[in-house]
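Asks: For reference, the structure I am asking about is given below.
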Amino acid sequence: MSGQQNNTTPGQQDILEGIRWNDAGLLPAIVQDDKTLEVLMFAYMNPESLKLSLESGQTWFWSRSRGELWHKGGTSGNTQAITSIHYDCDSDTLLVKVKPEGPACHTGKVSCFYRELPLGSKSAADKAEAGELHSAERPAEERFAVLAELERIIGEREAERPEGAYTTYLFDKGVDKILKKVGEETAETIIAAKNKDNAELRLEVSDLIYHLLVLLQERKLPLDDIMAELSARHERPRRD
């Protein structure tokens with residue numbers, strides 16, 4: 001923070017000097033809702049972002065992918081007012097309790113940890129291991145986990161815009177380009193189906209789903225909302 005006044009108190013400064021930063025000069029920070037105690041997110045702080053957090057009363061982090069300071073909610077408005085910061089017995093991890101203004105996750109979820117690794121029943125696990133469980137019988141969390149992971153990665157690409165990534169290219173070009181790709185992949189899916197070529201159809205449907213997820217991210221419409229709509233339609237009384 002060269003050129004800026006150090007507003008940390010003597011007590012804070014003593015603690016900061018005792019912090020054990022990793023080899024990259026970073027410190028893991030776990031962010032927790034002060035009221036519900038739900039873990040909201042995980043990020044890294046460097047000495048400057050920690051000082052900014054202490055001085056401003058809002059969370060600041062260090063983005064490893066972009067190599068720059070990151071004010072949580074600086075653009076989205078989903079800021080986090082800090083109520084307390086604890087450090088562990090080894091002085092190498094922070095627990096930051098906050099009052100969040102909006103969701104912590106870029107997907108619109110309250111917490112970044114909204115997906116659960118299913119333990120599953122032993123019988124189902126045994127059947128799956130033995131190859132006796134048909135794909136349609138597998139737990140939904142297992143069958144569709146790749147969609148959630150793809151949604152997460154696409155969200156990261158939009159936020160971080162890594163150079164050279166195709167997803168970055170789509171977001172940089174904007175919604176018209178994304179819509180054009182959705183249209184192209186839809187047409188190619190139709191052609192593959194008409195040709196009765198399932199190998200090609202598999203590839204084209206995969207491309208279509210990917211571009212639809214990019215479109216949903218651009219519109220800030222979570223995939224969960226689509227799943228909820230499908231579920232609601234399924235639960236409506238049937239007329240036949």
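Residue numbering restarts at 1 in every chain; chains get A, B, ... in the order shown in the structure tokens, and ligands count up from 1 in that same order.
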Write out as JSON, numbers by chain each polymer residue whose atoms come within 12 Å of Leu170 in chain A, counting only C-alpha atoms; drop sequence neighbours fewer than 2 positions from it.

Replies: {"A": [154, 157, 158, 161, 162, 163, 164, 165, 166, 167, 168, 172, 173, 174, 175, 176, 177, 178, 179, 180, 181, 182, 210, 211, 212, 213, 214, 215, 217, 218]}

Asks: Quick one: pick out all strand (DSSP E or B) residues within range 73-106 of chain A from a backbone DSSP run and write them as a ChimeraX atom specification.

Replies: /A:80-87,94-100

Asks: Using only N, CA and C atoms, please write the residues we just selected to a file, as a PDB file, in the first residue's frame.

Replies:
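Written output follows (selection.pdb):
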ATOM      1  N   GLN A  80     -19.655  -7.508   1.536  1.00  0.00           N
ATOM      2  CA  GLN A  80     -19.664  -8.237   2.798  1.00  0.00           C
ATOM      3  C   GLN A  80     -19.116  -7.339   3.898  1.00  0.00           C
ATOM      4  N   ALA A  81     -19.975  -6.953   4.832  1.00  0.00           N
ATOM      5  CA  ALA A  81     -19.549  -6.137   5.964  1.00  0.00           C
ATOM      6  C   ALA A  81     -18.938  -7.047   7.029  1.00  0.00           C
ATOM      7  N   ILE A  82     -17.702  -6.781   7.381  1.00  0.00           N
ATOM      8  CA  ILE A  82     -16.985  -7.649   8.318  1.00  0.00           C
ATOM      9  C   ILE A  82     -17.426  -7.377   9.750  1.00  0.00           C
ATOM     10  N   THR A  83     -17.759  -8.451  10.463  1.00  0.00           N
ATOM     11  CA  THR A  83     -18.086  -8.330  11.885  1.00  0.00           C
ATOM     12  C   THR A  83     -16.935  -8.793  12.769  1.00  0.00           C
ATOM     13  N   SER A  84     -16.130  -9.706  12.262  1.00  0.00           N
ATOM     14  CA  SER A  84     -14.957 -10.154  13.028  1.00  0.00           C
ATOM     15  C   SER A  84     -14.022 -10.927  12.114  1.00  0.00           C
ATOM     16  N   ILE A  85     -12.754 -10.944  12.491  1.00  0.00           N
ATOM     17  CA  ILE A  85     -11.758 -11.751  11.779  1.00  0.00           C
ATOM     18  C   ILE A  85     -10.980 -12.544  12.827  1.00  0.00           C
ATOM     19  N   HIS A  86     -11.000 -13.853  12.691  1.00  0.00           N
ATOM     20  CA  HIS A  86     -10.240 -14.727  13.573  1.00  0.00           C
ATOM     21  C   HIS A  86      -9.114 -15.380  12.780  1.00  0.00           C
ATOM     22  N   TYR A  87      -8.032 -15.714  13.460  1.00  0.00           N
ATOM     23  CA  TYR A  87      -6.959 -16.461  12.820  1.00  0.00           C
ATOM     24  C   TYR A  87      -6.686 -17.707  13.646  1.00  0.00           C
ATOM     25  N   LEU A  94      -7.401 -17.562   7.969  1.00  0.00           N
ATOM     26  CA  LEU A  94      -8.335 -16.603   8.548  1.00  0.00           C
ATOM     27  C   LEU A  94      -9.769 -17.114   8.480  1.00  0.00           C
ATOM     28  N   LEU A  95     -10.552 -16.773   9.483  1.00  0.00           N
ATOM     29  CA  LEU A  95     -11.998 -16.992   9.477  1.00  0.00           C
ATOM     30  C   LEU A  95     -12.639 -15.611   9.564  1.00  0.00           C
ATOM     31  N   VAL A  96     -13.290 -15.201   8.478  1.00  0.00           N
ATOM     32  CA  VAL A  96     -13.866 -13.864   8.381  1.00  0.00           C
ATOM     33  C   VAL A  96     -15.384 -13.971   8.482  1.00  0.00           C
ATOM     34  N   LYS A  97     -15.952 -13.411   9.552  1.00  0.00           N
ATOM     35  CA  LYS A  97     -17.405 -13.415   9.710  1.00  0.00           C
ATOM     36  C   LYS A  97     -17.958 -12.100   9.170  1.00  0.00           C
ATOM     37  N   VAL A  98     -19.044 -12.217   8.399  1.00  0.00           N
ATOM     38  CA  VAL A  98     -19.560 -11.048   7.700  1.00  0.00           C
ATOM     39  C   VAL A  98     -21.082 -10.983   7.760  1.00  0.00           C
ATOM     40  N   LYS A  99     -21.590  -9.791   7.450  1.00  0.00           N
ATOM     41  CA  LYS A  99     -23.007  -9.602   7.161  1.00  0.00           C
ATOM     42  C   LYS A  99     -23.096  -9.357   5.657  1.00  0.00           C
ATOM     43  N   PRO A 100     -23.531 -10.369   4.896  1.00  0.00           N
ATOM     44  CA  PRO A 100     -23.506 -10.243   3.437  1.00  0.00           C
ATOM     45  C   PRO A 100     -24.649  -9.392   2.899  1.00  0.00           C
TER      46      PRO A 100
END

Asks: For Leu208 in chain A, which of A:Thr59, A:Thr75, A:Ser49, A:Thr189 is the closest residue, counting only C-alpha atoms?

Replies: A:Thr189

Asks: From the list A:Leu223, A:Val205, A:Ala193, A:Ala29, which residue is nearest Phe144 in chain A when using only C-alpha atoms?

Replies: A:Leu223

Asks: Just checking: using only C-alpha atoms, which residue out of A:Ala24, A:Met41, A:Cys89, A:Leu50 ends up closest to Arg64 in chain A?

Replies: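 So, comparing all the options, the nearest one is A:Ala24.
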
Asks: For Phe113 in chain A, list every protein, DNA or RNA residue within 10 Å, evaluated using only C-alpha atoms, and leave out those in the same chain fewer than 6 positions away; present the list as a compact mmCIF listing (two decimals) with N, CA and C atoms, in the first residue's frame.

Replies:
# COMPACT_ATOMS: atom_id res chain seq x y z
N GLU A 38 -23.26 -20.05 8.14
CA GLU A 38 -23.02 -20.79 6.92
C GLU A 38 -21.71 -20.32 6.28
N VAL A 39 -20.90 -21.27 5.83
CA VAL A 39 -19.68 -20.91 5.12
C VAL A 39 -20.08 -20.42 3.74
N LEU A 40 -19.67 -19.19 3.41
CA LEU A 40 -20.11 -18.55 2.18
C LEU A 40 -19.13 -18.75 1.02
N MET A 41 -17.85 -18.64 1.31
CA MET A 41 -16.87 -18.71 0.23
C MET A 41 -15.47 -18.91 0.79
N PHE A 42 -14.55 -19.17 -0.11
CA PHE A 42 -13.14 -19.32 0.24
C PHE A 42 -12.34 -18.49 -0.76
N ALA A 104 -23.06 -14.68 -2.05
CA ALA A 104 -21.60 -14.69 -2.12
C ALA A 104 -21.10 -15.28 -3.43
N CYS A 105 -21.88 -16.18 -4.02
CA CYS A 105 -21.43 -16.91 -5.20
C CYS A 105 -21.82 -16.20 -6.48
